[in-house]
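Single-structure report; data block below.
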Amino acid sequence: MKLHPIVEAVTRRIVERSRAARSAYMEQVDAMAARPPGAQSMGCANVAHAFAGLPGADRIRVVEHKAPNVAIVTAYNDVLSAHAPLARYPDILKDEARRQGATAQVAGGVPAMCDGVTQGAPGMELSLFSRDAIAQGTAIALSHDMFDAALMLGVCDKIVPGLLIGALHFGHLPTVFVPAGPMTSGLSNTAKAKVREQAAQGLVGRQELLAAESAAYHGEGTCTFYGTANSNQMLLEAMGLHVPGTAFIHPGDGERELLTRQAMASVLSIAKARRFAPIGRVVDERCIVNAMVALLATGGSTNHLIHWVAVARSAGISIDWNDFSELSTVVPLLARVYPNGSADVNQFQSAGGPGYVIRELLAAGLMHGDVLTVHEDGLQAYTRIPHAAAGQLVWQEAGASGDLSVLRPTADPFSPTGGLKLLAGNLGRSVIKVSAVPEDRHVIEAPARVFDSQEALLQAFNAGALERDCQAAGGLVCVVRWQGPRANGMPELHKLTPPLAVLQGKGFKVALVTDGRMSGASGKVPAAIHVSPEAHSGGPLARVRDGDLLRLDALAGSLNVLVDETEWNARPVAAMPAALQQANGRGFGRELFAGFRRHALSAEEGACTWL
């Protein structure tokens, strides 16, 4: 199928914009790839240190036989249910390496925090920056320079982008990502959300709420809603960085260990055959566009409008929200998975999963099929679904959708346009996830109520003040500012969804406008998020006052304050309250991230801290 002209035009624009930086990056990749392996070029003491802990047979294999040595970078901990299975992976991978005549070492571990645990707590202010800490940890692990290839073990929100950013700074290494899969379905996401709304109204207590949450989050594996963690996995499939079809196989399924072993076999097939498919070449402009298209087609996490900008930068590629927005005009929404539907990721996988989505997008000319992937058959291999047969993996074509309420073909999509939209106006630039928002809520015009923190909004809701404001004006736009990268690390404000959903459920037109983030589970309440420039950098949100009329228009793609232009321009820019600024920088290790806050770029620039 001929490539869609808009996809082609956006890709061409990205190539031109990135030409100088990408050329410099590739020169570095090629220079690093041309060097002799570290085990052959380093001093004897260096080599002895590197392999002193290996079993004797492995040491002989890598030193004397010059066998490939694979780095394992792991984000294992058992606070994250999605990462708990990774405890077993290094032994499996080392065993498979030996079977393949190679060796493997755990080169390093990187931190991995659970946003579900830290939502609404001070630790969430470290969440976004943990991505760059993970990238740094990945770089430290690979800096030993004793490796011919690498495997990245991680699944969740900041972890995959962090591992990917770090790996791209070692772009000469063949690299495969190794996930663990989702947990089995428990209490449905819709039922869980209902209990949360009841708790916000005081209709159920802590015991009932905890019981519901525990029934939803009940075992090993990724949370089953289509948030940032599961969006990560979809994008890695679209980029060709997984063993095909690996994303959504349960940790306990028979295919899982086989797929984990296949990851080692795949990365070694590149290293041994000298098929020049290092990660720096795999992740090119076309690959990044494929990831963007997959995100839009599945209504994925808004967090990736930050993370994939940073990922692209790491490969010398420059993308922005205009690119996402233009692609969104032609990429249809093919999936309905919670929060933009009632199905969970297990139902998504059963209906055809990533294989179905990629097959449909390729057939419609909406993805680049001529890309390099870690599988020798290219992206076409990612249209197939793996199964175990007699202890071996076999891949079968995705076929027709197994459930048209979950997955639809490009000829009959849920929506002709993607699930994310750019908003721009005199309040700055922001994004909104429209795929889950009812159509009658795509335009909200109402007075503003300004809050300096999410805690202040929650207190107002609990006191009944927001409902009184809604009754008086018929609606309300809650502005929560000082939540950007430089202010407090740009935490997710997912705790605000239940109270605002309660107000919306009572018939009020409500919306959220913030320079912070929402969770990958951004839901049915219209939310203009990532507003840039942020208030702490003098952005327009620092001028908004209680009672200002705000208009969020997802149809027109605009976000404006309806105040006389002369008055608006004459208004002073408010400063972040000193007490709040001081509180944001103290306790829970936040002092250690002062440099990250100081140097962070804007959300649209990827909130990068290393440039």
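Simple scheme: letters A, B, ... for chains in structure tokens order, numbers from 1 for residues in each chain, numbers from 1 for ligands in the order shown.
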
Show which residues sit within 8 Å of A:Leu420, as JSON, numbers by chain. Count only C-alpha atoms, and ignore same-chain residues fewer than 3 positions away.
-> {"A": [296, 299, 302, 325, 328, 431, 432, 433, 434, 435]}

Could you write out the selected residues, including C-alpha atoms, as a PDB file, in the first residue's frame?
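Okay, again37.pdb is ready:
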ATOM      1  CA  LEU A 296      -2.872   7.788  18.020  1.00  0.00           C
ATOM      2  CA  GLY A 299      -5.841   6.239  22.044  1.00  0.00           C
ATOM      3  CA  THR A 302      -0.756  11.412  26.818  1.00  0.00           C
ATOM      4  CA  SER A 325      -1.539  16.816  15.650  1.00  0.00           C
ATOM      5  CA  SER A 328      -3.990  12.664  14.217  1.00  0.00           C
ATOM      6  CA  VAL A 431      -2.778  18.404  24.622  1.00  0.00           C
ATOM      7  CA  ILE A 432      -6.037  16.628  25.323  1.00  0.00           C
ATOM      8  CA  LYS A 433      -6.983  12.966  25.121  1.00  0.00           C
ATOM      9  CA  VAL A 434     -10.352  13.106  23.369  1.00  0.00           C
ATOM     10  CA  SER A 435     -10.857   9.395  22.778  1.00  0.00           C
TER      11      SER A 435
END

What's the 12 Å shell around stretch 391-407 of chain A, counting only C-alpha atoms, without same-chain residues fewer than 4 positions away, as a PyMOL selection string?
-> chain A and resi 243-246+254-262+297-299+332-338+340-360+380-387+411-415

Please save C-alpha atoms of the selected residues as a short mmCIF file (atom, residue, chain, number, x, y, z; two decimals), in the first residue's frame.
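Wrote it out as selection_5.cif, contents follow:
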data_model
loop_
_atom_site.label_atom_id
_atom_site.label_comp_id
_atom_site.auth_asym_id
_atom_site.auth_seq_id
_atom_site.Cartn_x
_atom_site.Cartn_y
_atom_site.Cartn_z
CA VAL A 243 10.26 -10.12 19.79
CA PRO A 244 7.06 -9.86 17.67
CA GLY A 245 3.85 -10.19 19.68
CA THR A 246 5.55 -10.22 23.08
CA GLY A 254 3.60 -21.03 28.49
CA GLU A 255 4.64 -18.65 25.72
CA ARG A 256 6.23 -16.19 28.14
CA GLU A 257 9.45 -18.07 28.93
CA LEU A 258 9.80 -19.04 25.28
CA LEU A 259 9.47 -15.39 24.25
CA THR A 260 12.01 -14.36 26.88
CA ARG A 261 14.47 -16.93 25.53
CA GLN A 262 13.70 -15.76 22.01
CA ALA A 297 -4.59 4.73 16.56
CA THR A 298 -5.00 3.13 19.98
CA GLY A 299 -5.84 6.24 22.04
CA PRO A 332 -8.20 6.55 12.70
CA LEU A 333 -8.96 5.33 16.21
CA LEU A 334 -9.00 1.53 15.98
CA ALA A 335 -9.12 0.50 19.64
CA ARG A 336 -11.49 0.96 22.55
CA VAL A 337 -9.58 -0.02 25.68
CA TYR A 338 -10.14 1.48 29.12
CA ASN A 340 -11.45 5.11 26.20
CA GLY A 341 -13.62 2.00 26.34
CA SER A 342 -14.68 -0.69 28.79
CA ALA A 343 -12.33 -3.48 27.63
CA ASP A 344 -9.00 -4.19 29.33
CA VAL A 345 -5.71 -5.09 27.64
CA ASN A 346 -6.43 -8.80 27.93
CA GLN A 347 -9.56 -8.31 25.84
CA PHE A 348 -7.52 -6.12 23.49
CA GLN A 349 -5.01 -8.95 23.06
CA SER A 350 -7.78 -11.53 22.56
CA ALA A 351 -9.35 -9.36 19.87
CA GLY A 352 -6.07 -9.23 17.93
CA GLY A 353 -3.86 -6.89 19.93
CA PRO A 354 -0.85 -5.09 18.45
CA GLY A 355 -0.64 -7.56 15.56
CA TYR A 356 -4.09 -6.58 14.33
CA VAL A 357 -3.46 -2.85 14.77
CA ILE A 358 -0.11 -2.90 12.96
CA ARG A 359 -1.52 -5.05 10.16
CA GLU A 360 -4.40 -2.61 9.61
CA GLN A 380 5.50 -7.41 8.75
CA ALA A 381 6.59 -9.88 11.43
CA TYR A 382 4.76 -7.72 13.99
CA THR A 383 1.39 -8.40 12.36
CA ARG A 384 1.52 -11.94 13.74
CA ILE A 385 0.62 -13.39 17.14
CA PRO A 386 2.85 -15.93 18.92
CA HIS A 387 1.63 -19.30 20.22
CA ALA A 411 -12.32 0.87 6.95
CA ASP A 412 -14.73 1.12 9.89
CA PRO A 413 -12.92 2.80 12.80
CA PHE A 414 -14.35 4.10 16.06
CA SER A 415 -13.32 7.56 14.88
#

Please identify which residues in stretch 151-192 of chain A DSSP calls helix (DSSP H, G or I) from the backbone, and express them as a PyMOL selection string.
-> chain A and resi 159-168+189-192

Please write the residues from the selection above to a file, keeping C-alpha atoms, as an mmCIF file, in the first residue's frame.
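Heads up, here's the output in part09.cif:
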data_model
loop_
_atom_site.group_PDB
_atom_site.id
_atom_site.type_symbol
_atom_site.label_atom_id
_atom_site.label_comp_id
_atom_site.auth_asym_id
_atom_site.auth_seq_id
_atom_site.Cartn_x
_atom_site.Cartn_y
_atom_site.Cartn_z
ATOM 1 C CA ILE A 159 11.022 2.885 32.866
ATOM 2 C CA VAL A 160 10.720 1.985 29.179
ATOM 3 C CA PRO A 161 11.337 5.560 27.963
ATOM 4 C CA GLY A 162 14.303 5.808 30.347
ATOM 5 C CA LEU A 163 15.795 2.510 29.186
ATOM 6 C CA LEU A 164 15.215 3.529 25.572
ATOM 7 C CA ILE A 165 16.866 6.930 26.013
ATOM 8 C CA GLY A 166 19.847 5.304 27.733
ATOM 9 C CA ALA A 167 20.141 2.562 25.102
ATOM 10 C CA LEU A 168 20.061 5.099 22.272
ATOM 11 C CA ASN A 189 -11.676 -0.986 35.279
ATOM 12 C CA THR A 190 -15.190 0.431 34.885
ATOM 13 C CA ALA A 191 -16.319 -1.060 38.201
ATOM 14 C CA LYS A 192 -13.137 0.156 39.903
#

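For the residues A:Leu126, A:Ala215, A:Leu555, A:Leu611, ranking by smallest atom-to-atom distance to A:Arg586 using only C-alpha atoms places A:Leu126 first.
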
Nearest to A:Gly369 by atom-to-atom distance, counting only C-alpha atoms, from A:Arg545, A:Arg286, A:Arg313, A:Lys158 |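 For A:Gly369, the nearest of the given residues is A:Arg286.
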
Skip stretch 81-94 of chain A itself and residues of its chain fewer than 3 positions away, then list as number ranges by chain all residues within 9 Å of it, counting only C-alpha atoms.
-> A: 70, 72, 74-78, 97-99, 102-106, 112, 114, 153-156, 179-183, 217-223, 229, 251-252, 257, 260-261, 263-264

Mind dumping the selected residues with N, CA and C atoms as a CSV table (one decimal), in the first residue's frame?
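out14.csv, freshly written:
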chain,number,residue,atom,x,y,z
A,70,VAL,N,26.4,-10.5,26.2
A,70,VAL,CA,25.2,-9.6,26.2
A,70,VAL,C,25.0,-9.0,27.5
A,72,ILE,N,22.6,-7.3,30.3
A,72,ILE,CA,21.2,-7.3,30.8
A,72,ILE,C,21.1,-6.1,31.7
A,74,THR,N,18.4,-4.4,34.0
A,74,THR,CA,17.1,-4.8,34.6
A,74,THR,C,16.5,-3.7,35.5
A,75,ALA,N,15.2,-3.5,35.4
A,75,ALA,CA,14.5,-2.6,36.2
A,75,ALA,C,13.7,-3.4,37.3
A,76,TYR,N,14.2,-4.6,37.6
A,76,TYR,CA,13.4,-5.4,38.5
A,76,TYR,C,13.3,-4.8,39.9
A,77,ASN,N,12.1,-4.8,40.4
A,77,ASN,CA,11.8,-4.8,41.9
A,77,ASN,C,10.4,-5.4,42.0
A,78,ASP,N,10.1,-5.8,43.2
A,78,ASP,CA,8.7,-6.4,43.4
A,78,ASP,C,7.7,-5.4,44.1
A,97,ALA,N,21.7,-17.8,26.7
A,97,ALA,CA,22.9,-17.4,26.0
A,97,ALA,C,23.9,-18.5,25.9
A,98,ARG,N,24.0,-19.3,27.0
A,98,ARG,CA,24.9,-20.5,26.9
A,98,ARG,C,24.5,-21.5,25.8
A,99,ARG,N,23.2,-21.7,25.7
A,99,ARG,CA,22.7,-22.6,24.7
A,99,ARG,C,23.1,-22.1,23.3
A,102,ALA,N,27.0,-18.2,23.8
A,102,ALA,CA,27.4,-16.9,24.2
A,102,ALA,C,27.3,-16.8,25.7
A,103,THR,N,27.6,-15.6,26.2
A,103,THR,CA,27.5,-15.3,27.6
A,103,THR,C,26.6,-14.1,27.8
A,104,ALA,N,26.1,-13.9,29.1
A,104,ALA,CA,25.4,-12.7,29.4
A,104,ALA,C,25.7,-12.3,30.8
A,105,GLN,N,25.6,-11.0,31.1
A,105,GLN,CA,25.9,-10.5,32.4
A,105,GLN,C,24.8,-9.4,32.8
A,106,VAL,N,24.4,-9.4,34.0
A,106,VAL,CA,23.6,-8.3,34.5
A,106,VAL,C,24.5,-7.1,34.6
A,112,ALA,N,13.0,1.9,39.5
A,112,ALA,CA,11.7,1.8,38.9
A,112,ALA,C,10.6,2.1,39.9
A,114,CYS,N,6.6,3.0,41.0
A,114,CYS,CA,5.2,2.7,40.6
A,114,CYS,C,4.4,4.0,40.8
A,153,LEU,N,15.2,-4.9,30.3
A,153,LEU,CA,14.1,-5.6,31.1
A,153,LEU,C,13.4,-4.5,31.8
A,154,GLY,N,12.2,-4.1,31.3
A,154,GLY,CA,11.4,-3.1,32.0
A,154,GLY,C,10.0,-3.0,31.2
A,155,VAL,N,9.1,-2.4,31.9
A,155,VAL,CA,7.7,-2.4,31.4
A,155,VAL,C,7.0,-1.1,31.6
A,156,CYS,N,7.1,-0.5,32.7
A,156,CYS,CA,6.2,0.5,33.2
A,156,CYS,C,6.5,2.0,32.7
A,179,PRO,N,9.7,-7.6,27.9
A,179,PRO,CA,8.6,-7.3,28.9
A,179,PRO,C,8.2,-8.5,29.7
A,180,ALA,N,7.2,-8.3,30.5
A,180,ALA,CA,6.7,-9.4,31.3
A,180,ALA,C,5.2,-9.7,31.1
A,181,GLY,N,4.5,-8.8,30.5
A,181,GLY,CA,3.1,-9.0,30.2
A,181,GLY,C,2.1,-8.5,31.3
A,182,PRO,N,0.8,-8.5,31.0
A,182,PRO,CA,-0.2,-8.0,31.9
A,182,PRO,C,-0.7,-9.0,32.9
A,183,MET,N,-1.1,-8.6,34.1
A,183,MET,CA,-1.8,-9.5,35.0
A,183,MET,C,-3.1,-9.9,34.4
A,217,TYR,N,-6.1,-4.8,41.2
A,217,TYR,CA,-4.7,-5.0,41.2
A,217,TYR,C,-4.3,-6.2,42.1
A,218,HIS,N,-4.2,-7.4,41.5
A,218,HIS,CA,-4.3,-8.6,42.3
A,218,HIS,C,-3.2,-9.6,42.1
A,219,GLY,N,-2.3,-9.3,41.2
A,219,GLY,CA,-1.2,-10.3,40.9
A,219,GLY,C,-0.1,-9.7,40.1
A,220,GLU,N,0.8,-10.6,39.7
A,220,GLU,CA,2.0,-10.2,38.9
A,220,GLU,C,1.5,-9.8,37.5
A,221,GLY,N,2.2,-8.8,37.0
A,221,GLY,CA,1.9,-8.3,35.6
A,221,GLY,C,1.5,-6.8,35.6
A,222,THR,N,1.4,-6.3,34.4
A,222,THR,CA,1.1,-4.9,34.3
A,222,THR,C,-0.4,-4.7,34.6
A,223,CYS,N,-0.7,-3.5,35.1
A,223,CYS,CA,-2.1,-3.1,35.3
A,223,CYS,C,-2.9,-3.3,34.0
A,229,ALA,N,2.0,2.4,30.8
A,229,ALA,CA,2.8,1.2,30.8
A,229,ALA,C,2.4,0.3,29.6
A,251,PRO,N,2.4,-13.2,32.3
A,251,PRO,CA,3.7,-13.7,32.9
A,251,PRO,C,3.6,-15.2,33.1
A,252,GLY,N,2.5,-15.8,33.4
A,252,GLY,CA,2.4,-17.2,33.7
A,252,GLY,C,2.1,-18.1,32.5
A,257,GLU,N,8.0,-17.7,28.8
A,257,GLU,CA,9.4,-18.1,28.9
A,257,GLU,C,10.0,-18.3,27.5
A,260,THR,N,10.8,-14.9,26.2
A,260,THR,CA,12.0,-14.4,26.9
A,260,THR,C,13.3,-15.0,26.3
A,261,ARG,N,13.3,-16.3,26.1
A,261,ARG,CA,14.5,-16.9,25.5
A,261,ARG,C,14.7,-16.4,24.1
A,263,ALA,N,14.1,-13.6,23.0
A,263,ALA,CA,14.7,-12.2,23.0
A,263,ALA,C,16.3,-12.4,22.9
A,264,MET,N,16.8,-13.3,23.7
A,264,MET,CA,18.2,-13.5,23.7
A,264,MET,C,18.7,-14.1,22.3
